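Structure file run_38.cif (mmCIF, C-alpha atoms) is printed below.
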```cif
data_input
#
loop_
_atom_site.label_atom_id
_atom_site.label_comp_id
_atom_site.auth_asym_id
_atom_site.auth_seq_id
_atom_site.Cartn_x
_atom_site.Cartn_y
_atom_site.Cartn_z
CA MET W 17 8.36 -14.30 -122.20
CA SER W 18 5.64 -12.83 -124.37
CA SER W 19 2.85 -15.27 -125.01
CA SER W 20 0.78 -12.94 -127.15
CA SER W 21 1.44 -10.01 -129.37
CA ILE W 22 0.05 -7.60 -126.80
CA SER W 23 2.63 -8.00 -124.01
CA ILE W 24 6.03 -7.73 -125.65
CA ASN W 25 9.32 -8.48 -123.95
CA TRP W 26 11.54 -5.73 -125.30
CA THR W 27 14.80 -6.84 -123.68
CA PRO W 28 16.00 -9.28 -126.39
CA MET W 29 15.28 -6.74 -129.07
CA ILE W 30 17.15 -3.95 -127.33
CA VAL W 31 20.18 -6.09 -126.47
CA GLY W 32 20.25 -7.52 -129.99
CA PHE W 33 19.94 -4.09 -131.55
CA VAL W 34 22.79 -2.65 -129.50
CA ALA W 35 25.04 -5.67 -130.18
CA GLY W 36 24.38 -5.49 -133.94
CA LEU W 37 25.05 -1.76 -134.02
CA ILE W 38 28.29 -2.12 -132.05
CA SER W 39 29.47 -4.89 -134.35
CA ARG W 40 28.99 -2.58 -137.34
CA LEU W 41 30.51 0.47 -135.64
CA PHE W 42 33.67 -1.47 -134.79
CA SER W 43 34.46 -1.87 -138.46
CA LEU W 44 33.59 1.67 -139.43
CA LYS W 45 37.05 3.03 -138.79
CA THR W 46 38.60 4.54 -141.90
CA GLY W 47 41.57 2.20 -141.52
CA THR W 48 43.60 0.99 -144.43
CA THR W 49 41.02 1.44 -147.16
CA HIS W 50 40.85 5.24 -146.64
CA TYR W 51 37.15 4.92 -147.10
CA PRO W 52 34.75 6.38 -146.06
CA GLY W 53 36.84 9.49 -145.85
CA TYR W 54 34.07 12.05 -145.46
CA PRO W 55 31.31 12.70 -142.89
CA SER W 56 28.39 12.04 -145.21
CA GLY W 57 29.84 8.60 -145.93
CA TYR W 58 29.77 7.82 -142.23
CA ILE W 59 26.17 8.99 -141.91
CA SER W 60 24.90 6.75 -144.69
CA GLN W 61 26.81 3.78 -143.25
CA LEU W 62 25.46 4.57 -139.79
CA ALA W 63 21.90 4.69 -141.08
CA LEU W 64 22.38 1.32 -142.78
CA ALA W 65 23.87 -0.08 -139.57
CA VAL W 66 20.81 1.00 -137.58
CA ILE W 67 18.48 -0.57 -140.11
CA ALA W 68 20.50 -3.80 -140.24
CA ALA W 69 20.64 -4.15 -136.45
CA MET W 70 16.95 -3.34 -136.24
CA ILE W 71 16.01 -6.03 -138.77
CA GLY W 72 18.17 -8.65 -137.11
CA SER W 73 16.89 -8.00 -133.63
CA SER W 74 13.20 -7.80 -134.45
CA VAL W 75 12.79 -10.91 -136.59
CA LEU W 76 12.66 -13.28 -133.63
CA ILE W 77 10.25 -11.06 -131.70
CA ALA W 78 7.96 -10.90 -134.70
CA LEU W 79 8.01 -14.69 -135.08
CA ILE W 80 7.26 -15.30 -131.41
CA GLY W 81 4.45 -12.77 -131.54
CA LYS W 82 3.10 -14.86 -134.46
CA GLN W 83 3.48 -11.81 -136.72
CA PHE W 84 4.51 -13.82 -139.76
CA THR W 85 3.72 -11.00 -142.14
CA ALA W 86 6.08 -8.72 -140.25
CA ALA W 87 8.81 -11.38 -140.24
CA THR W 88 8.44 -11.84 -144.00
CA PHE W 89 8.69 -8.12 -144.55
CA LEU W 90 11.84 -8.00 -142.46
CA THR W 91 13.53 -10.66 -144.58
CA LEU W 92 12.43 -8.70 -147.62
CA ALA W 93 14.10 -5.60 -146.19
CA ALA W 94 17.27 -7.61 -145.62
CA THR W 95 17.57 -8.31 -149.34
CA GLN W 96 17.77 -4.55 -149.95
CA PHE W 97 21.29 -4.64 -148.57
CA ARG W 98 22.46 -6.23 -151.79
CA ASP W 99 22.50 -2.72 -153.22
CA VAL W 100 25.15 -1.61 -150.75
CA ARG W 101 27.81 -3.42 -152.73
CA ASN W 102 26.77 -1.75 -155.97
CA THR W 103 26.70 1.69 -154.38
CA GLU W 104 30.16 1.29 -152.90
CA ARG W 105 31.57 -0.07 -156.12
CA GLN W 106 30.16 2.80 -158.16
CA THR W 107 31.45 5.44 -155.77
CA LEU W 108 34.95 3.98 -155.72
CA ALA W 109 35.02 3.40 -159.48
CA GLN W 110 34.11 7.04 -160.04
CA GLU W 111 36.87 8.11 -157.72
CA GLU W 112 39.33 5.87 -159.57
CA LYS W 113 39.57 8.29 -162.48
CA LEU W 114 40.27 11.21 -160.18
CA ILE W 115 43.16 9.81 -158.14
CA LEU W 116 46.75 9.57 -159.36
CA VAL W 117 47.46 6.09 -158.02
CA SER W 118 44.39 3.95 -158.53
CA ARG W 119 43.17 1.25 -156.16
CA GLY W 120 42.61 -1.30 -158.90
CA PRO W 121 39.38 -3.19 -159.60
CA GLY W 122 40.23 -6.05 -157.24
CA TYR W 123 40.65 -3.75 -154.28
CA ILE W 124 37.42 -1.91 -155.08
CA GLU W 125 35.54 -5.19 -155.29
CA GLY W 126 37.05 -6.27 -151.99
CA ILE W 127 35.98 -3.09 -150.23
CA ALA W 128 32.49 -3.28 -151.72
CA ILE W 129 32.00 -6.91 -150.69
CA THR W 130 33.28 -6.18 -147.20
CA TYR W 131 30.82 -3.32 -146.79
CA GLU W 132 27.95 -5.52 -147.85
CA ALA W 133 29.05 -8.39 -145.63
CA ARG W 134 29.46 -6.11 -142.64
CA ASN W 135 25.80 -5.19 -142.75
CA TYR W 136 24.77 -8.83 -142.92
CA LEU W 137 27.12 -9.53 -140.02
CA ALA W 138 25.44 -6.79 -137.97
CA MET W 139 22.12 -8.44 -138.78
CA LEU W 140 23.34 -11.89 -137.76
CA VAL W 141 24.89 -10.60 -134.55
CA ALA W 142 21.62 -8.85 -133.66
CA LEU W 143 19.64 -12.00 -134.42
CA LEU W 144 21.89 -14.31 -132.42
CA THR W 145 22.08 -11.95 -129.47
CA SER W 146 18.35 -11.48 -129.32
CA ALA W 147 17.94 -15.27 -129.39
CA ILE W 148 20.44 -15.70 -126.54
CA THR W 149 18.76 -12.98 -124.50
CA MET W 150 15.36 -14.52 -125.07
CA VAL W 151 16.53 -17.88 -123.73
CA GLY W 152 18.88 -16.78 -120.96
CA GLY W 153 17.69 -13.36 -119.84
CA LEU W 154 19.41 -10.01 -119.74
CA VAL W 155 22.73 -10.89 -118.03
CA ILE W 156 23.49 -13.96 -120.16
CA GLY W 157 22.30 -12.00 -123.17
CA VAL W 158 24.83 -9.23 -122.60
CA ILE W 159 27.65 -11.76 -122.05
CA GLY W 160 26.53 -13.61 -125.18
CA ALA W 161 26.48 -10.32 -127.09
CA VAL W 162 30.11 -9.63 -126.21
CA ILE W 163 31.14 -13.13 -127.28
CA VAL W 164 29.17 -12.97 -130.55
CA VAL W 165 30.62 -9.56 -131.43
CA ILE W 166 34.17 -10.78 -130.76
CA ILE W 167 33.63 -13.95 -132.81
CA GLY W 168 32.23 -11.80 -135.61
CA GLU W 169 35.31 -9.57 -135.52
CA ILE W 170 37.68 -12.55 -135.66
CA PHE W 171 35.66 -14.07 -138.47
CA MET W 172 35.65 -10.88 -140.51
CA SER W 173 39.24 -9.71 -140.08
CA GLY W 174 41.06 -10.90 -143.18
CA GLN W 175 44.75 -11.60 -143.58
CA HIS W 176 47.28 -8.86 -144.10
CA LEU W 177 50.09 -9.02 -146.59
CA GLY W 178 52.69 -9.00 -143.80
CA ASP W 179 51.41 -12.43 -142.68
CA ILE W 180 52.39 -14.15 -145.90
CA VAL W 181 55.02 -11.92 -147.51
CA ASP W 182 58.37 -10.60 -146.26
CA VAL W 183 59.02 -6.95 -147.06
CA GLU W 184 62.63 -5.76 -147.14
CA PRO W 185 64.26 -2.53 -148.27
CA ALA W 186 66.25 -2.75 -151.49
CA LYS W 187 68.49 -0.48 -153.51
CA ILE W 188 67.28 1.33 -156.62
CA TRP W 189 69.75 1.20 -159.49
CA PHE W 190 69.83 1.35 -163.28
CA ASP W 191 71.04 -1.37 -165.60
CA LYS W 192 72.09 -0.74 -169.21
CA GLY W 193 71.68 2.95 -168.55
CA SER W 194 67.89 3.03 -168.40
CA LEU W 195 66.37 -0.10 -166.84
CA LEU W 196 65.14 0.62 -163.33
CA TYR W 197 65.93 -2.19 -160.90
CA VAL W 198 64.85 -2.66 -157.29
CA GLY W 199 67.24 -5.18 -155.79
CA ASP W 200 67.29 -7.84 -158.49
CA VAL W 201 63.82 -7.12 -159.81
CA MET W 202 63.50 -5.24 -163.07
CA MET W 203 60.72 -2.67 -162.84
CA MET W 204 60.52 -0.54 -165.99
CA GLU W 205 62.41 1.50 -168.50
CA VAL W 206 63.04 5.13 -167.72
CA GLY W 207 64.07 6.77 -170.97
CA LEU W 208 64.83 10.28 -169.70
CA PRO W 209 67.91 11.24 -167.67
CA HIS W 210 66.22 13.61 -165.20
CA PRO W 211 63.72 11.12 -163.78
CA ARG W 212 66.59 8.59 -163.53
CA GLU W 213 68.60 10.98 -161.38
CA ARG W 214 65.53 11.65 -159.27
CA TYR W 215 64.94 7.95 -158.73
CA GLU W 216 68.55 7.35 -157.72
CA LYS W 217 68.52 10.27 -155.32
CA GLU W 218 65.05 10.17 -153.79
CA GLY W 219 63.46 6.86 -154.75
CA LEU W 220 62.55 4.13 -152.28
CA GLY W 221 62.52 0.46 -153.22
CA VAL W 222 61.39 -2.69 -151.44
CA VAL W 223 61.50 -6.32 -152.43
CA LEU W 224 58.56 -8.54 -151.46
CA THR W 225 59.46 -12.17 -150.88
CA PRO W 226 56.63 -14.64 -150.33
CA LYS W 227 56.91 -16.72 -147.15
CA ASN W 228 54.83 -19.60 -148.49
CA GLU W 229 52.82 -20.81 -151.48
CA ARG W 230 49.89 -18.69 -150.52
CA GLY W 231 52.10 -15.61 -150.54
CA GLN W 232 53.29 -16.47 -154.04
CA ALA W 233 49.79 -16.95 -155.34
CA VAL W 234 48.72 -13.65 -153.82
CA LEU W 235 51.63 -11.70 -155.30
CA TRP W 236 50.99 -12.96 -158.83
CA ASN W 237 47.65 -11.18 -158.78
CA ILE W 238 47.88 -7.84 -160.60
CA SER W 239 45.04 -6.32 -158.60
CA GLN W 240 46.79 -7.23 -155.38
CA ARG W 241 49.96 -5.50 -156.54
CA GLN W 242 47.97 -2.43 -157.58
CA ALA W 243 46.47 -2.39 -154.08
CA ILE W 244 50.00 -2.57 -152.64
CA SER W 245 51.07 0.39 -154.80
CA TYR W 246 48.02 2.32 -153.68
CA GLU W 247 48.70 1.67 -150.01
CA ALA W 248 52.37 2.58 -150.43
CA ALA W 249 51.48 5.84 -152.16
CA ALA W 250 48.86 6.62 -149.53
CA ALA W 251 51.41 6.12 -146.74
CA VAL W 252 54.47 8.00 -147.97
CA GLY W 253 52.96 10.11 -150.74
CA VAL W 254 54.15 10.13 -154.32
CA GLN W 255 55.85 12.77 -156.46
CA LYS W 256 53.50 12.53 -159.38
CA ASP W 257 51.10 14.52 -161.44
CA VAL W 258 49.47 14.26 -164.82
CA GLY W 259 52.22 14.31 -167.44
CA TYR W 260 54.75 12.43 -165.32
CA PRO W 261 54.02 8.79 -166.18
CA GLU W 262 57.52 7.57 -165.26
CA GLN W 263 57.06 8.68 -161.65
CA THR W 264 54.18 6.31 -160.99
CA PRO W 265 54.77 3.85 -158.15
CA LEU W 266 55.05 0.35 -159.56
CA CYS W 267 54.87 -3.14 -158.12
CA ARG W 268 56.19 -5.77 -160.52
CA MET W 269 57.21 -9.40 -160.39
CA ALA W 270 60.79 -10.53 -160.96
CA MET W 271 60.67 -11.41 -164.64
CA PRO W 272 61.62 -13.22 -166.84
CA ALA W 273 63.05 -15.55 -164.20
CA GLY W 274 59.68 -15.70 -162.42
CA THR W 275 61.15 -16.35 -158.99
CA GLY W 276 57.95 -15.25 -157.29
CA LYS W 277 59.57 -12.17 -155.80
CA ALA W 278 58.11 -8.75 -156.43
CA GLY W 279 59.66 -5.31 -156.31
CA LEU W 280 58.12 -1.95 -155.57
CA SER W 281 59.56 1.39 -156.62
CA ILE W 282 58.21 4.72 -155.48
CA LEU W 283 59.25 8.36 -155.48
CA PRO W 284 57.99 9.36 -152.06
CA VAL W 285 57.20 12.77 -150.65
CA ASP W 286 57.96 11.54 -147.15
CA HIS W 287 61.30 9.71 -147.36
CA ASP W 288 60.48 7.17 -144.64
CA MET W 289 61.32 3.53 -145.33
CA ASN W 290 59.77 2.21 -142.09
CA LYS W 291 56.46 3.88 -142.85
CA LEU W 292 56.48 2.39 -146.35
CA ILE W 293 57.19 -1.14 -145.13
CA ARG W 294 54.55 -0.88 -142.42
CA ALA W 295 51.94 0.27 -144.95
CA ILE W 296 52.75 -2.58 -147.33
CA LYS W 297 52.57 -5.14 -144.55
CA ARG W 298 49.17 -3.82 -143.52
CA THR W 299 47.72 -4.08 -147.04
CA PRO W 300 44.75 -6.44 -146.89
CA VAL W 301 44.97 -9.67 -148.89
CA LEU W 302 42.30 -9.38 -151.55
CA GLU W 303 39.63 -11.99 -151.80
CA SER W 304 40.09 -12.29 -155.54
CA SER W 305 43.77 -13.13 -155.19
CA LYS W 306 42.96 -16.25 -153.21
CA TRP W 307 41.81 -17.95 -156.38
CA ASN W 308 44.91 -17.28 -158.35
CA ARG W 309 46.73 -20.30 -156.98
CA MET W 310 46.03 -22.33 -160.09
CA THR W 311 47.16 -19.64 -162.51
CA SER W 312 50.43 -18.92 -160.73
CA PRO W 313 53.28 -19.83 -163.11
CA VAL W 314 55.66 -20.62 -160.28
CA LEU W 315 53.27 -22.91 -158.44
CA ASN W 316 52.41 -24.78 -161.60
CA ARG W 317 56.05 -25.18 -162.49
CA LYS W 318 56.72 -26.86 -159.15
CA GLU W 319 54.08 -29.46 -159.88
CA MET W 320 55.81 -30.50 -163.10
CA MET A 11 43.61 2.33 -164.61
CA ALA A 12 43.43 -0.56 -166.99
CA VAL A 13 45.15 -3.44 -165.26
CA ALA A 14 46.90 -4.68 -168.39
CA PRO A 15 47.33 -1.60 -170.59
CA THR A 16 48.00 -1.81 -174.30
CA PRO A 17 50.84 0.51 -175.30
CA VAL A 18 50.47 2.27 -178.61
CA MET A 19 53.42 3.88 -180.38
CA PHE A 20 52.94 7.61 -180.16
CA ALA A 21 56.12 9.24 -181.44
CA ILE A 22 59.74 8.51 -182.24
CA VAL A 23 62.60 10.86 -181.43
CA THR A 24 65.95 10.02 -183.02
CA THR A 25 69.36 11.35 -183.85
CA ARG A 26 69.91 8.61 -186.44
CA LYS A 27 67.53 9.33 -189.23
CA ASP A 28 68.43 6.20 -191.21
CA SER A 29 67.65 3.78 -188.36
CA VAL A 30 63.87 4.37 -188.45
CA SER A 31 61.36 4.56 -191.25
CA GLY A 32 57.65 4.52 -191.92
CA GLY A 33 54.88 3.56 -189.50
CA MET A 34 52.04 5.40 -187.86
CA ALA A 35 54.04 7.49 -185.40
CA PRO A 36 55.63 10.82 -186.35
CA ILE A 37 59.44 10.84 -186.30
CA PHE A 38 61.20 13.80 -184.71
CA ILE A 39 64.80 14.16 -185.81
CA ALA A 40 67.17 15.76 -183.32
CA GLU A 41 70.62 17.24 -183.86
CA ASP A 42 72.26 15.66 -180.84
CA ASP A 43 71.48 13.64 -177.67
CA GLN A 44 70.70 16.74 -175.66
CA GLU A 45 68.11 17.99 -178.10
CA ARG A 46 66.68 14.48 -178.42
CA GLU A 47 66.15 14.30 -174.68
CA ARG A 48 64.66 17.78 -174.59
CA ILE A 49 62.13 16.95 -177.32
CA ALA A 50 61.24 13.67 -175.64
CA MET A 51 60.76 15.49 -172.31
CA TRP A 52 58.44 18.08 -173.87
CA LEU A 53 56.41 15.39 -175.58
CA THR A 54 56.02 13.30 -172.45
CA ARG A 55 54.92 16.27 -170.35
CA ILE A 56 52.44 17.37 -173.00
CA THR A 57 50.95 14.02 -173.90
CA ASN A 58 51.52 11.86 -170.80
CA ALA A 59 53.37 9.38 -173.03
CA ILE A 60 56.10 7.15 -171.62
CA VAL A 61 59.66 7.44 -172.94
CA HIS A 62 61.65 4.31 -173.76
CA ASP A 63 65.28 4.31 -174.77
CA LEU A 64 66.22 1.85 -177.49
CA HIS A 65 69.93 2.61 -176.96
CA ASN A 66 70.58 3.04 -180.67
CA GLY A 67 70.08 6.77 -180.71
CA THR A 68 66.31 6.45 -180.78
CA LEU A 69 63.72 7.25 -178.11
CA VAL A 70 60.24 5.80 -178.43
CA LEU A 71 57.17 7.36 -176.84
CA THR A 72 54.19 5.15 -176.10
CA VAL A 73 50.78 5.88 -174.65
CA ASN A 74 48.64 3.35 -172.87
CA GLN A 75 45.38 2.90 -174.66
CA GLU A 76 42.24 2.85 -172.54
CA SER A 77 41.01 -0.70 -172.78
#
```

Any chance you could put this one into structure tokens?
Amino acid sequence: MSSSSISINWTPMIVGFVAGLISRLFSLKTGTTHYPGYPSGYISQLALAVIAAMIGSSVLIALIGKQFTAATFLTLAATQFRDVRNTERQTLAQEEKLILVSRGPGYIEGIAITYEARNYLAMLVALLTSAITMVGGLVIGVIGAVIVVIIGEIFMSGQHLGDIVDVEPAKIWFDKGSLLYVGDVMMMEVGLPHPRERYEKEGLGVVLTPKNERGQAVLWNISQRQAISYEAAAAVGVQKDVGYPEQTPLCRMAMPAGTGKAGLSILPVDHDMNKLIRAIKRTPVLESSKWNRMTSPVLNRKEM
Amino acid sequence: MAVAPTPVMFAIVTTRKDSVSGGMAPIFIAEDDQERERIAMWLTRITNAIVHDLHNGTLVLTVNQES
């Protein structure tokens, strides 16, 4: 153990640094958000991960070496990570205008918050691991690092839509000549005959039935449903371009009955129902939709 | 995309001239159903407007206003 600032025990710092970096790298797969989708994005995230792990692992060393100025500076550096969220949000919001099926503001916010939190998590993991290593030595430190990283992963992995909502294939049909239905959910009005034929021939439809109250609350969130549409379109593709508004994938609630069910209609490029259902089930549950419980018409009606 | 878009009436295409009048949107009068659908199709491709069928011989085109 270092008693002065001259002889430094590097082990806790190194173990902490590696653990923090690994914890960040684990989550840097492109995964369901399709972001970052380009090499430069990875580089900037990697650089941030190195800095975060570095800060987390060196704070304790600085404190023990009685380098309070250094420790203060490190906490100051940690606050710089607030900007990560803004950067991510801006990038994704810019992209929003350029893609045919948008992610929706809720999804963007979710991704941005996750990116910010991931860096803080890397910092915390590095800090905890360096503390464990300092107390218990190298071997216990490495074991502790593994445990801390795993706990961090469990803590950070949010729910997926498949956990709280049932997704089943449903037939696409037209009522009154022009109202597009998926199962018993009315989606939209398609006024032109050609798109109607296309939908009947090539369209895919699924009905989303909530398994519990939480599922209902989540589905009532518009941003959540936009995220579902985005994931569906990303998985099976969508026959759409500028000038074809009726071929946009939609996710709508069963109205006016308000049963809490939702339907999704899409004109896919890849006509694969299993792929579509898998993608919808893997859609992350947005943080913002957790708070919609109170505004859900169905849930409030039950309380009456 | 605006999460809750506000549709604005953009154009009206009809075969029954007497069933619509006035307003801010131009009215296109078609000879028959086929021509009505063709005009509506052109307009939607050109302007990205959405076609709605009122089932009384009239098609309505709306655009979603940027909020």

**Item:** Pick from A:Ile22, A:Leu64, A:Pro36, A:Pro17 nearest to chain W, counting only C-alpha atoms
**Value:**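 Among the listed residues, the smallest separation from chain W belongs to A:Leu64.
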
**Request:** Return the neighbours of chain W among the residues of chain A, cut-off 10 Å, counting only C-alpha atoms, as an MDAnalysis selection string.
**Result:** chainID A and resid 11:14 46:48 50:65 69:71 73

Write the residues of the preceding selection, restricted to C-alpha atoms, as a PDB file, keeping the file's coordinate frame.
```pdb
ATOM      1  CA  MET A  11      43.610   2.330-164.610  1.00  0.00           C
ATOM      2  CA  ALA A  12      43.430  -0.560-166.990  1.00  0.00           C
ATOM      3  CA  VAL A  13      45.150  -3.440-165.260  1.00  0.00           C
ATOM      4  CA  ALA A  14      46.900  -4.680-168.390  1.00  0.00           C
ATOM      5  CA  ARG A  46      66.680  14.480-178.420  1.00  0.00           C
ATOM      6  CA  GLU A  47      66.150  14.300-174.680  1.00  0.00           C
ATOM      7  CA  ARG A  48      64.660  17.780-174.590  1.00  0.00           C
ATOM      8  CA  ALA A  50      61.240  13.670-175.640  1.00  0.00           C
ATOM      9  CA  MET A  51      60.760  15.490-172.310  1.00  0.00           C
ATOM     10  CA  TRP A  52      58.440  18.080-173.870  1.00  0.00           C
ATOM     11  CA  LEU A  53      56.410  15.390-175.580  1.00  0.00           C
ATOM     12  CA  THR A  54      56.020  13.300-172.450  1.00  0.00           C
ATOM     13  CA  ARG A  55      54.920  16.270-170.350  1.00  0.00           C
ATOM     14  CA  ILE A  56      52.440  17.370-173.000  1.00  0.00           C
ATOM     15  CA  THR A  57      50.950  14.020-173.900  1.00  0.00           C
ATOM     16  CA  ASN A  58      51.520  11.860-170.800  1.00  0.00           C
ATOM     17  CA  ALA A  59      53.370   9.380-173.030  1.00  0.00           C
ATOM     18  CA  ILE A  60      56.100   7.150-171.620  1.00  0.00           C
ATOM     19  CA  VAL A  61      59.660   7.440-172.940  1.00  0.00           C
ATOM     20  CA  HIS A  62      61.650   4.310-173.760  1.00  0.00           C
ATOM     21  CA  ASP A  63      65.280   4.310-174.770  1.00  0.00           C
ATOM     22  CA  LEU A  64      66.220   1.850-177.490  1.00  0.00           C
ATOM     23  CA  HIS A  65      69.930   2.610-176.960  1.00  0.00           C
ATOM     24  CA  LEU A  69      63.720   7.250-178.110  1.00  0.00           C
ATOM     25  CA  VAL A  70      60.240   5.800-178.430  1.00  0.00           C
ATOM     26  CA  LEU A  71      57.170   7.360-176.840  1.00  0.00           C
ATOM     27  CA  VAL A  73      50.780   5.880-174.650  1.00  0.00           C
TER      28      VAL A  73
END
```

**Asked** For the file shown, what are the residues hit by the PyMOL selection byres ((chain W and resi 272) around 12), laid out as a PyMOL selection string?
**Response** chain W and resi 200-203+268-271+273-278+313-314

**Request:** Find the spatial neighbours of A:Asp43, counting all atoms listed in the file, within a cut-off of 10 Å - ignore same-chain residues fewer than 6 positions away - and output them as a ChimeraX atom specification.
**Result:** /A:24-25,49,67-68

**Message:** Taking the file as I've supplied it (selection: the PyMOL selection byres ((chain W and resi 288-304) around 7)), which residues are included? Please answer as a PyMOL selection string.
**Reply:** chain W and resi 122-123+126+174-178+183+240+244+247-248+251-252+286-287+305-307

**Fill in**
Taken to one decimal, the atom CA of W:Ile127-atom CA of W:Lys256 distance is 25.2 Å

**Message:** Please list as an MDAnalysis selection string every residue within 6 Å of W:Gly253, counting only C-alpha atoms and excluding residues in the same chain fewer than 2 positions away.
**Reply:** chainID W and resid 249:251 284:285
